[in-house]
Structures are given as C-alpha cells and as structure tokens.
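K.L.:
Input: one structure, supplied below.
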Amino acid sequence: MANTEAISNPTSQPAVLISGLGALGQACIHRLKPFAVLVCGLDLHPPLWRDEELASWMSNRLVIGDMRQPGVLRRAGVLDCRAVLLLSSDHSANLEAALQVRLLNPKAQVVVRASVAEAGLSVLLEQRLPGLAVVDPLLLTASAISGALDPGEKHTLLASSDEGERVTIGSAEHSVAHSSRRQLRHTFVAEASRDSSHANLWLQVETVGRFQRKTTSQPVDVRQAATRLWQSCQWPHSPQSWVALMLPVVLITGTLLFSGAGGWRQGLLVTFGLLLGEYVDPVATSLRATPGSGWQIIAGLVFAVLGTLFTTALVAWFLEQSLSNRFGLRLRRRQRTGRRAAVIVDGGPMVEAIRQMWGRNGIELEEANLENGLAGLELRLQSINAAELVGIALLSSNLIANIHAALALQSQKPLCRIALLAHALEGSDQLGGMLGGISVISGMDIAADAIVATAFGERVERVLRIEGRNLLVVRYRLAEGDNLSSNTISRVENGYGINILCLKRSRRNITRSLPPLEWYLQPGDEITVLADLESLRLVERGEARLGGWKLQMRCDHGRTDGFLIQQILARFLGRAPGECAGWLDGQWHESDPLDHDLLVPLMEALKNARVEVRAIACT
C-alpha cells in the first residue's frame with residue numbers, strides 16, 4: 001500500500017526523492033540501492049512495479065500525490081533531501097515542480113527530465129538556479145549511437161581544453177605519435193593490463209588549433225609553414241569564383257579587340273552583344289569601323305559561343321533556384337568517389353547531435369524513416385549513392401519494427417554496422433547477443449546512469465558505450481573534504497577506477513589534459529573524468545582500493561646528494577622533504593602501498609640517483 005502520511009527519516013540521513021516511478025524512475029532506484037542512501041518515492045498514481053522485491057523495498061517510502069503541490073512535497077520529505085529527481089513523462093510538470101522544490105529546499109540537487117521542446121527554458125533555468133540540471137534521455141543516447149556505428153578508424157573525442165589540446169580514446173594501432181598516452185581504466189576489470197579486450201584502448205592527447213605549443217624537441221618546419229601559407233592564399237576552386245574572376249578579363253579583352261575607330265564605347269557594346277549570344281549585328285558593327293579585318297570574324301565567333309554558354313548557364317541557375325524554392329525540387333548532387341555514409345532512421349533530434357560528433361570523421365549522415373515500412377526503407381538505402389555504407393541506426397520508438405528492420409538489413413548488408421534503440425528495455429546486451437551481434441542500446445539504462453550521477457552533483461557531458469558498459473564523461477569541482485582531494489592522480493585513477501581527462505586549477509590558471517600521475521588534487525580543482533556508475537559509487541562512499549605494491553629502498557648514509565633523493569621521495573610519496581631524511585641512514589625502508597603506475601617512475605628516478613631499490617607485491 002502507498003503511504004499517505006509523511007515519510008519519516010529516523011536516521012536523519014539526507015535522502016534522494018524520486019518523483020515519477022515509471023520505467024526510468026524504477027531503473028534509477030535500482031542504481032541507487034548500492035549507494036546506501038535513503039530513497040523515497042512520489043507519484044501521481046500508484047506505480048506498476050516491474051520488480052516485486054523493489055515494490056516491497058519501497059512500500060513504506062512512497063507518497064501518492066501531485067509533485068507540484070508544496071504539501072505533497074513536504075510529506076515526501078523534500079525538506080531533508082540532498083537530491084530530487086523529477087522524472088515523470090509530463091515534462092512541463094517536471095519543470096513546474098522543480099521551481100517548487102527549489103523554494104522548499106534551496107540546497108538540494110534537482111534533476112529534471114525534459115525534452116528538446118523545453119531546451120530554451122531549460123538553459124535559462126540552469127543559469128539562474130544553481131544546483132538544477134535538466135536531462136534529456138533521448139539526446140543522452142546520441143553518444144552511444146555514434147560509438148556503435150563508428151568504424152573505429154578515428155579516435156573518439158572525449159574532452160578538449162582551451163590550450164588547444166583534446167583527449168581522445170582509441171586503440172594502440174591508431175595511437176598518435178609523440179603524444180601523451182594512458183591506458184583506459186575500468187572498475188569492472190581488476191587490472192586493465194591483464195585484460196586483452198581492454199589492453200588496446202588508450203587515452204591520448206592531441207594538439208589541435210592554428211598555433212601549437214613550441215618545444216625544443218620539435219623545431220619549426222619552414223617548408224611546411226610556407227606550404228600552408230601558399231594554400232591559404234590560393235583562389236577558391238568553385239564555379240562562382242572562376243566566373244567572378246574571368247568576367248572582367250573577358251570584358252576588358254573584348255573592349256580592346258572590337259573598339260576600332262568607334263573607341264572603347266563601341267568595343268564595350270560589341271562585347272556585350274556577343275556575350276548575350278548575338279553574332280551578326282555585333283560583328284557587322286565592328287567590320288564597318290575596320291573593314292577587311294578577318295580576325296574579327298573569328299574572335300566574334302569565339303565570344304558569341306562563350307556568351308551563349310554563359311547565358312544558358314545563368315538561365316538554368318535561375319530556373320533551378322525558382323523551382324527549388326517554389327516546389328521544393330532539387331537536383332541530386334553528384335556524390336564524390338569513395339564517399340562513406342551512415343543512415344539514421346527516425347532519429348529526430350538525435351541526428352544533429354550525432355552529426356556534430358562525427359564532424360571530423362569524414363562520414364556523412366543520411367536520414368530515413370519507417371513510415372512506408374521496410375520496403376520504403378530499402379528504396380531509400382538504394383537511393384544513397386555512397387561507395388560504402390558504414391552503419392545503420394534504427395531509432396524508432398517501435399522496438400518490434402526496429403528488430404524486424406535490423407534482421408532484414410543484416411542479411412542484405414552483412415558488413416554494415418547495425419544498431420537499434422530500445423527505449424525502455426533492460427538487458428539490451430543479452431538481446432544484442434540473441435540477434436547475432438546487432439548493437440542494442442537501451443536509452444533507459446543510459447539515462448538512468450546519467451541521472452543518478454547528476455543526482456550526486458556531477459555534470460554528465462556525454463555517455464559512451466564501450467565493451468557493453470556505459471562510461472560517463474563527468475565534470476565537477478572538488479570541494480573541501482571531498483574524497484578525491486589530497487590524493488595523487490595515480491591514486492584516484494587506480495583506487496576508484498576512473499580516468500582523469502582534464503584538470504583545471506583556477507587559482508593558478510592551469511589547464512592540463514591527462515595530468516601527470518604524481519600531481520595532487522586540491523580543493524577548488526575542476527576535473528573532467530571518464531567513469532562508470534560503479535566508480536562514482538566508490539567515490540561517493542570513499543571506498544578506494546589500495547595499491548598493490550610497496551617500495552623498499554636503501555641509501556648510503558652521508559651522501560652529498562641526499563637532499564635530491566629526499567625531493568624525489570617527497571614528490572612521489574606526498575611528503576615534505578624533511579620527513580624523508582630518516583630514509584637516508586643506510587637501512588632498508590618500506591613505503592606504504594603504491595600503485596604500479598606510480599611505482600615504476602619512482603624506481604627509475606631512484607635508480608638514476610644510484611639508490612638500491614626493489615618492489616614487493618602486497619599480500
């Protein structure tokens with residue numbers, strides 16, 4: 001039975017309130033259970049539970065009522081909530097309830113489910129109301145769809161900085177030479193280096209933009225710079241530019257050729273007459289002024305032919321523009337040889353988002369629909385003049401129609417990547433395996449992961465689908481006492497299984513992509529990370545996994561370079577140099593558990609300083 005009384009919170013633990021307990025709301029409850037937070041529910045009608053265990057778990061924490069009413073929100077415990085998720089299918093009601101929640105609890109993180117139709121209002125509300133985030137479940141799946149169709153020949157862009165750097169993810173075979181690289185980490189892999197399916201996935205930094213940072217190891221190539229300057233100064237190779245360039249030349253040449261005794265006025269009139277396609281009258285006028293000049297007959301014939309071609313092309317262009325504007329008719333453009341394309345079926349607002357992600361892939365997107373059934377889709381595919389069709393995404397809201405089309409197209413185009421969207425289906429990976437390798441993407445799973453991450457204060461920029469897992473590109477600012485503060489990059493990445501893509505320090509005005517592993521995170525830093533929901537759960541609960549190695553070292557007493565060794569130890573162990581002075585007494589000393597990524601450079605630095613070192617595995 002639904003609870004009609006106010007929800008009590010005997011533990012005084014900040015709760016998470018979910019309003020709208022449909023498929024998406026229940027998926028969010030499943031993901032919040034491991035976070036060990038109190039979850040409360042609110043809905044206008046008693047929900048249809050998909051899981052009896054979940055119904056029993058929420059039986060005493062559910063309120064029935066209108067989420068836009070202040071009294072209902074108070075009974076649901078909104079005053080004590082750390083986060084409120086407004087996930088009903090009525091997007092306007094969600095936005096209205098968000099304003100009421102903000103009045104009752106100014107400190108709560110509010111996550112609102114909305115659509116593209118409310119995009120303008122959503123942006124304004126996010127700017128004016130701190131702690132409010134608007135999420136569109138459909139647009140969140142655009143990144144996953146893009147990754148499912150990506151042929152894998154280009155890197156996937158994850159983040160970019162103001163310094164002209166961007167972080168991409170790709171395989172080792174396509175890694176960028178002379179770039180900073182780091183292996184991709186996952187919480188669901190104990191050690192990424194031991195897993196063959198993830199060993200070839202690397203994060204790397206590429207330098208982009210007009211101006212690249214100069215280094216002593218990469219001198220400026222004068223020849224390449226001169227070539228780029230010459231190419232930028234060349235005239236554009238378009239028909240309009242050639243016409244604009246040649247027309248003044250033709251007019252001046254014709255005026256000089258046909259001026260004769262009549263002067264430049266006669267030459268200009270004769271030239272205009274020839275360019276309009278006339279021949280007899282302009283040539284006769286020119287011969288009267290200079291009789292017996294046979295070359296004028298030939299020159300006039302050449303000008304008349306050029307004029308006829310020009311006049312015909314001009315009339316054809318005006319006619320084409322008039323027909324296209326009046327009747328919507330356009331000639332099909334001649335496709336380039338070797339053109340590659342991907343088809344988005346019933347994509348709606350996701351098409352433009354995917355097109356922006358594929359802006360540098362060299363793959364063009366074509367749109368299609370299932371209005372005329374499978375036969376109409378096949379005719380549309382046949383009309384696409386492309387040398388290679390790399391992928392087809394079926395994004396209709398009708399799951400059965402998507403599956404039917406996917407199976408039919410798979411037999412016709414076995415080399416083409418096919419992905420279909422299951423808006424409210426769990427277990428999409430199992431369904432994809434049953435369908436013979438077709439990528440099945442659950443929009444509900446992706447949205448639930450992103451919404452739960454947003455509920456804890458992180459800002460989800462993108463969602464990627466890698467090896468059957470949803471990886472979130474998350475941006476947030478470290479606060480005082482945060483679990484990530486006062487830890488090295490290596491400790492954070494290995495302890496929680498996240499990948500730090502970019503670090504921005506506002507106090508020093510420093511932005512660094514893939515920051516060094518020995519750097520320490522500080523309160524006020526803004527980081528962009530790639531992580532799954534399990535990683536964010538570990539961060540929320542502060543359950544970092546310990547490092548698997550310890551360093552043992554022995555240094556002779558009384559060395560003149562002892563302070564240098566102290567600085568090396570302080571840099572990697574996070575101590576003051578003076579605290580490491582006791583390690584220089586000629587005895588063996590052992591460090592706290594370290595991550596392998598940090599252990600290797602520390603041992604190399606100590607070996608270069610002629611210090612005896614060895615590594616032992618933690619038991």
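Here, A, B, ... name the chains of the structure tokens in the order displayed, residue numbers run from 1 inside each chain, and ligands are numbered from 1 in the same displayed order.
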Extract, using only C-alpha atoms, all DNA, RNA and protein residues at most 6 Å from Ala393 of chain A, discarding same-chain residues fewer than 2 positions from it, and format them as a count of residues only.

P.N.:
5

K.L.:
Please produce, as CSV, a per-residue contact table for segment 497-555 of chain A versus segment 475-488 of chain A (criterion: any atom at most 7 Å away, only C-alpha atoms considered), showing the nearest atom pair and its distance in Å to one decimal, sorted by chain then residue number.

P.N.:
residue,atom,partner,partner_atom,distance
A:Leu517,CA,A:Thr488,CA,6.5
A:Glu518,CA,A:Thr488,CA,5.5
A:Trp519,CA,A:Thr488,CA,5.3
A:Tyr520,CA,A:Thr488,CA,4.2
A:Leu521,CA,A:Ser485,CA,5.2
A:Gln522,CA,A:Ser485,CA,5.2
A:Pro523,CA,A:Ala479,CA,5.1
A:Gly524,CA,A:Leu478,CA,5.3
A:Asp525,CA,A:Leu478,CA,5.5
A:Glu526,CA,A:Arg477,CA,4.3
A:Ile527,CA,A:Arg475,CA,5.8
A:Thr528,CA,A:Arg475,CA,4.3
A:Val529,CA,A:Arg475,CA,6.4
A:Val539,CA,A:Asn483,CA,6.5
A:Gly542,CA,A:Asn483,CA,5.8

K.L.:
Write the residues of the preceding selection, restricted to N, CA and C atoms, as a short mmCIF file (atom, residue, chain, number, x, y, z; two decimals), in the first residue's frame.

P.N.:
data_model
loop_
_atom_site.label_atom_id
_atom_site.label_comp_id
_atom_site.auth_asym_id
_atom_site.auth_seq_id
_atom_site.Cartn_x
_atom_site.Cartn_y
_atom_site.Cartn_z
N LEU A 517 50.77 11.69 -13.25
CA LEU A 517 50.23 10.80 -12.24
C LEU A 517 50.62 11.21 -10.83
N GLU A 518 51.75 11.92 -10.66
CA GLU A 518 52.19 12.28 -9.32
C GLU A 518 51.58 13.59 -8.83
N TRP A 519 50.80 14.28 -9.64
CA TRP A 519 50.15 15.52 -9.21
C TRP A 519 49.10 15.21 -8.14
N TYR A 520 48.91 16.15 -7.21
CA TYR A 520 47.91 16.02 -6.15
C TYR A 520 46.70 16.89 -6.48
N LEU A 521 45.52 16.34 -6.22
CA LEU A 521 44.28 17.10 -6.39
C LEU A 521 44.05 17.97 -5.16
N GLN A 522 43.53 19.18 -5.39
CA GLN A 522 43.32 20.14 -4.32
C GLN A 522 41.89 20.65 -4.36
N PRO A 523 41.35 21.09 -3.23
CA PRO A 523 40.01 21.69 -3.23
C PRO A 523 39.96 22.89 -4.17
N GLY A 524 38.89 22.99 -4.92
CA GLY A 524 38.75 24.05 -5.91
C GLY A 524 39.12 23.62 -7.31
N ASP A 525 39.81 22.48 -7.46
CA ASP A 525 40.14 21.99 -8.79
C ASP A 525 38.88 21.53 -9.52
N GLU A 526 38.85 21.77 -10.81
CA GLU A 526 37.76 21.28 -11.66
C GLU A 526 38.32 20.18 -12.56
N ILE A 527 37.74 19.01 -12.49
CA ILE A 527 38.25 17.86 -13.24
C ILE A 527 37.15 17.32 -14.15
N THR A 528 37.59 16.80 -15.28
CA THR A 528 36.71 16.07 -16.19
C THR A 528 37.20 14.63 -16.23
N VAL A 529 36.32 13.69 -15.91
CA VAL A 529 36.72 12.30 -15.77
C VAL A 529 35.86 11.42 -16.66
N VAL A 539 33.54 6.50 -5.23
CA VAL A 539 33.95 7.85 -4.82
C VAL A 539 32.99 8.38 -3.77
N GLY A 542 33.73 6.63 -0.60
CA GLY A 542 35.12 6.69 -0.17
C GLY A 542 35.78 5.33 -0.05
#

K.L.:
Which of these residues is nearest to Gly25 of chain A, using only C-alpha atoms: A:Cys81, A:Leu103, A:Gly437, A:Arg113?

P.N.:
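Once distances to Gly25 of chain A are computed over only C-alpha atoms, the minimum belongs to A:Arg113.
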
K.L.:
Select, from A:Ile441, A:Leu251, A:Ala450, A:Ala341, the residue with the minimum atom-to-atom distance to Val112 of chain A, counting only C-alpha atoms.

P.N.:
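Using only C-alpha atoms, the shortest distance to Val112 of chain A belongs to A:Ala450.
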
K.L.:
If we count only C-alpha atoms, what is near Leu389 of chain A at a cut-off of 9 Å, once residues fewer than 4 positions away on the same chain are taken out, given as a PDB file with N, CA and C atoms, in the first residue's frame?

P.N.:
ATOM      1  N   ARG A 339      32.858   8.114 -51.284  1.00  0.00           N
ATOM      2  CA  ARG A 339      32.077   8.709 -50.206  1.00  0.00           C
ATOM      3  C   ARG A 339      31.541   7.616 -49.284  1.00  0.00           C
ATOM      4  N   ARG A 340      31.648   7.860 -47.981  1.00  0.00           N
ATOM      5  CA  ARG A 340      31.127   6.929 -46.986  1.00  0.00           C
ATOM      6  C   ARG A 340      29.980   7.599 -46.240  1.00  0.00           C
ATOM      7  N   ALA A 341      28.982   6.817 -45.909  1.00  0.00           N
ATOM      8  CA  ALA A 341      27.787   7.376 -45.292  1.00  0.00           C
ATOM      9  C   ALA A 341      27.248   6.420 -44.243  1.00  0.00           C
ATOM     10  N   ALA A 342      26.482   6.987 -43.314  1.00  0.00           N
ATOM     11  CA  ALA A 342      25.726   6.236 -42.320  1.00  0.00           C
ATOM     12  C   ALA A 342      24.296   6.743 -42.343  1.00  0.00           C
ATOM     13  N   VAL A 343      23.351   5.869 -42.066  1.00  0.00           N
ATOM     14  CA  VAL A 343      21.932   6.196 -42.161  1.00  0.00           C
ATOM     15  C   VAL A 343      21.316   6.167 -40.767  1.00  0.00           C
ATOM     16  N   ILE A 384      20.813   6.120 -51.888  1.00  0.00           N
ATOM     17  CA  ILE A 384      22.007   6.759 -51.335  1.00  0.00           C
ATOM     18  C   ILE A 384      23.207   6.314 -52.146  1.00  0.00           C
ATOM     19  N   LYS A 413      23.099  -6.641 -45.832  1.00  0.00           N
ATOM     20  CA  LYS A 413      24.350  -5.895 -45.721  1.00  0.00           C
ATOM     21  C   LYS A 413      25.139  -6.446 -44.538  1.00  0.00           C
ATOM     22  N   LEU A 415      28.271  -6.633 -43.871  1.00  0.00           N
ATOM     23  CA  LEU A 415      29.455  -5.887 -43.442  1.00  0.00           C
ATOM     24  C   LEU A 415      29.113  -4.535 -42.830  1.00  0.00           C
ATOM     25  N   CYS A 416      27.872  -4.184 -42.810  1.00  0.00           N
ATOM     26  CA  CYS A 416      27.440  -2.876 -42.297  1.00  0.00           C
ATOM     27  C   CYS A 416      27.102  -2.992 -40.810  1.00  0.00           C
ATOM     28  N   ARG A 417      27.572  -2.022 -40.014  1.00  0.00           N
ATOM     29  CA  ARG A 417      27.222  -1.992 -38.599  1.00  0.00           C
ATOM     30  C   ARG A 417      25.761  -1.583 -38.429  1.00  0.00           C
TER      31      ARG A 417
END

K.L.:
Enter the distance from atom CA of Leu501 of chain A to atom CA of Asp449 of chain A, in Å, rounded to one decimal.

P.N.:
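Taking atom CA of Leu501 of chain A and atom CA of Asp449 of chain A, their separation equals 19.5 Å.
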